[in-house]
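Student: Here you go, one structure.
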Amino acid sequence: MLVHFFVRESPRWLFVRGRKEEAVATLKSIATPSHSSCLTWSFSEVSFQEERWNNGNVFLTIKMLVQKRWAFRRLLPVLVIGFGIGMVYYGMPLGLGNLSFNLYLSVTLNASSEIPSSLITMLLIGKLNRKFSVLTFTTLSGIFSIVCALKGEVWTRLRIVLESVSFFSCCTALSILFIFTIELFPTCVRNSATSLVRQAVVFGGVFGPMLVAEERRDGVSSYGVFGWVIGCCGLFAVFLPETRGRALCDTMDEEERKEKAICNGEGDLLA
């Protein structure tokens, strides 16, 4: 109810849908009184391209993501990465009971590691390359998770530290992945793409309890599996374009033209 009454619709999204008057009204409600009177005049000559495909049908939006080759080449890697991160994000805390460490302290450390992860993402996201960051943090999470599964007295003592670093890296990779997804897709399909990535994360989390239960029953190291999965899935980031500093597009046609321009530019450089 609070969101309904106090949160405004995105003016950018309204412009793409052709609802120009509502977009201007929303901007007026947000702007200061000294600037609100200038908005109608400022936007009277603004031209915008309404998305031809999008008529509000969520299934049509998903169809657009699948049919457009450039969109599908972006969607598939982020879904795979989301699956790997989700398995670790939801499964690793469930496996804390299998570690030879105080369970309550382990849960506290895991929960606390999400706070610096969010702060680092918030403060440094403007300076971080999305592609490299996702690849780096998923690799770190995978390495520390695999090391956490090693046997031996020395590794047993260090397990809680290794697990905390792995979970911290996983949380950071998840935060950056969502921002990366937002920047990869134009406004008209951005919500659908982000929702699909979120579903991939949750779907990956489905397998977490199974692996933890398997470890308790047969001794198969769930942390070893977590490490291999997130490490391998994170490698799919190499197939994604870098989006740091890029302007966000509104329509599929606009994004497609930009994609072709980038490809043509690379072709000219190679020639």
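Identifiers in the structure tokens: chain A, B, ... in order shown; residue index from 1 per chain; ligand index from 1 in order shown.
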Please run DSSP on the backbone and report, as a ChimeraX atom specification, all residues within range 112-167 of chain A that come out as alpha helix (DSSP H).
Tutor: /A:112-124,130-148,153-167
Student: Using only C-alpha atoms, what does the table of range 94-152 of chain A residues within 12 Å of range 178-186 of chain A look like, with each row giving the shortest atom pair and its distance in Å to one decimal, sorted by chain and ascending number, as a Markdown table?
Tutor:
```
| residue | atom | partner | partner_atom | distance |
| --- | --- | --- | --- | --- |
| A:Thr121 | CA | A:Ile179 | CA | 9.7 |
| A:Met122 | CA | A:Ile179 | CA | 10.5 |
| A:Ile125 | CA | A:Ile179 | CA | 8.8 |
| A:Gly126 | CA | A:Ile179 | CA | 10.9 |
| A:Leu128 | CA | A:Phe180 | CA | 10.8 |
| A:Asn129 | CA | A:Phe180 | CA | 9.5 |
| A:Arg130 | CA | A:Phe180 | CA | 6.0 |
| A:Lys131 | CA | A:Phe180 | CA | 7.9 |
| A:Phe132 | CA | A:Phe180 | CA | 11.0 |
| A:Ser133 | CA | A:Phe180 | CA | 10.0 |
| A:Val134 | CA | A:Phe180 | CA | 8.8 |
| A:Leu135 | CA | A:Phe180 | CA | 11.9 |
```
Student: Would you please work out which residue, of A:Val189, A:Leu124, A:Val165, A:Ala149, is nearest to Ser222 in chain A when using only C-alpha atoms?
Tutor: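 Nearest to Ser222 in chain A: A:Ala149.
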Student: Which is closest to Phe15 in chain A among A:Ser117, A:Thr187, A:Thr243, A:Asn98, if we use only C-alpha atoms?
Tutor: A:Thr187
Student: Can you tell me which residues surround range 87-94 of chain A at a distance of at most 8 Å, considering only C-alpha atoms, apart from same-chain residues fewer than 6 positions away, and format the answer as a list in words?
Tutor: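 The residues satisfying every condition are Val107, Asn110, Phe167, Cys170, Cys171, Val201, Val202, Phe203, Gly204, Gly205, Val206, Phe207, Gly208, Pro209, Leu211, Val212, Tyr223, Phe226, Gly227 and Ile230 of chain A.
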Student: With N, CA, C and O atoms retained, could you export that selection as a CSV table (one decimal), in the first residue's frame?
Tutor:
```csv
chain,number,residue,atom,x,y,z
A,107,VAL,N,26.5,-18.9,11.6
A,107,VAL,CA,25.4,-18.2,11.0
A,107,VAL,C,25.5,-16.7,11.1
A,107,VAL,O,25.2,-15.9,10.2
A,110,ASN,N,28.1,-15.4,8.6
A,110,ASN,CA,27.5,-15.4,7.3
A,110,ASN,C,26.6,-14.2,7.0
A,110,ASN,O,26.6,-13.5,6.0
A,167,PHE,N,31.4,-17.0,0.8
A,167,PHE,CA,30.0,-16.5,0.8
A,167,PHE,C,30.0,-15.0,0.6
A,167,PHE,O,29.1,-14.5,-0.1
A,170,CYS,N,30.4,-14.5,-3.1
A,170,CYS,CA,29.1,-14.9,-3.7
A,170,CYS,C,28.1,-13.7,-3.6
A,170,CYS,O,27.4,-13.4,-4.6
A,171,CYS,N,28.0,-13.1,-2.4
A,171,CYS,CA,27.0,-12.0,-2.3
A,171,CYS,C,27.4,-10.8,-3.1
A,171,CYS,O,26.5,-10.2,-3.7
A,201,VAL,N,18.4,-17.6,-10.1
A,201,VAL,CA,19.0,-17.6,-8.8
A,201,VAL,C,18.3,-18.5,-7.8
A,201,VAL,O,18.9,-19.3,-7.1
A,202,VAL,N,17.0,-18.3,-7.8
A,202,VAL,CA,16.1,-19.2,-6.9
A,202,VAL,C,16.2,-20.6,-7.3
A,202,VAL,O,16.2,-21.5,-6.5
A,203,PHE,N,16.1,-20.9,-8.6
A,203,PHE,CA,16.2,-22.3,-9.1
A,203,PHE,C,17.5,-22.9,-8.7
A,203,PHE,O,17.5,-24.1,-8.4
A,204,GLY,N,18.6,-22.2,-8.8
A,204,GLY,CA,19.9,-22.7,-8.3
A,204,GLY,C,19.8,-23.1,-6.8
A,204,GLY,O,20.4,-24.1,-6.4
A,205,GLY,N,19.1,-22.2,-6.1
A,205,GLY,CA,19.0,-22.5,-4.6
A,205,GLY,C,18.2,-23.8,-4.3
A,205,GLY,O,18.3,-24.3,-3.2
A,206,VAL,N,17.4,-24.3,-5.3
A,206,VAL,CA,16.7,-25.5,-5.0
A,206,VAL,C,17.6,-26.7,-4.8
A,206,VAL,O,17.3,-27.6,-4.0
A,207,PHE,N,18.8,-26.7,-5.4
A,207,PHE,CA,19.7,-27.8,-5.3
A,207,PHE,C,20.6,-27.7,-4.1
A,207,PHE,O,21.2,-28.7,-3.7
A,208,GLY,N,20.6,-26.6,-3.4
A,208,GLY,CA,21.4,-26.5,-2.2
A,208,GLY,C,21.1,-27.5,-1.1
A,208,GLY,O,21.9,-28.2,-0.6
A,209,PRO,N,19.8,-27.5,-0.7
A,209,PRO,CA,19.4,-28.5,0.4
A,209,PRO,C,19.7,-29.9,0.0
A,209,PRO,O,20.0,-30.7,0.8
A,211,LEU,N,22.2,-31.1,-1.9
A,211,LEU,CA,23.6,-31.3,-1.7
A,211,LEU,C,24.0,-31.4,-0.3
A,211,LEU,O,24.8,-32.3,0.1
A,212,VAL,N,23.4,-30.6,0.5
A,212,VAL,CA,23.7,-30.6,2.0
A,212,VAL,C,23.3,-31.9,2.6
A,212,VAL,O,24.0,-32.6,3.4
A,223,TYR,N,30.4,-28.4,-0.3
A,223,TYR,CA,31.2,-27.2,-0.6
A,223,TYR,C,32.1,-27.4,-1.8
A,223,TYR,O,32.3,-26.4,-2.5
A,226,PHE,N,29.6,-26.8,-4.6
A,226,PHE,CA,29.3,-25.4,-4.7
A,226,PHE,C,30.4,-24.7,-5.4
A,226,PHE,O,30.2,-23.8,-6.3
A,227,GLY,N,31.7,-25.0,-5.0
A,227,GLY,CA,32.8,-24.3,-5.6
A,227,GLY,C,32.9,-24.5,-7.1
A,227,GLY,O,33.1,-23.6,-7.9
A,230,ILE,N,29.8,-22.7,-9.1
A,230,ILE,CA,29.8,-21.2,-9.2
A,230,ILE,C,31.0,-20.8,-10.0
A,230,ILE,O,31.0,-19.8,-10.8
```
Student: Find the residue from A:Ala173, A:Ile81, A:Ser29, A:Lys127 that sits nearest to Leu240 in chain A; use only C-alpha atoms when measuring.
Tutor: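 Of A:Ala173, A:Ile81, A:Ser29, A:Lys127, the one nearest Leu240 in chain A, counting only C-alpha atoms, is A:Ile81.
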Student: So which residues touch range 70-74 of chain A within 8 Å, counting only C-alpha atoms, skipping near sequence neighbours fewer than 2 positions away, as a list in words?
Tutor: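 Answer for this query is Leu65, Val66, Gln67, Lys68, Leu76, Pro77, Val78, Leu184, Phe185, Phe239, Leu240, Glu256 and Glu259 of chain A.
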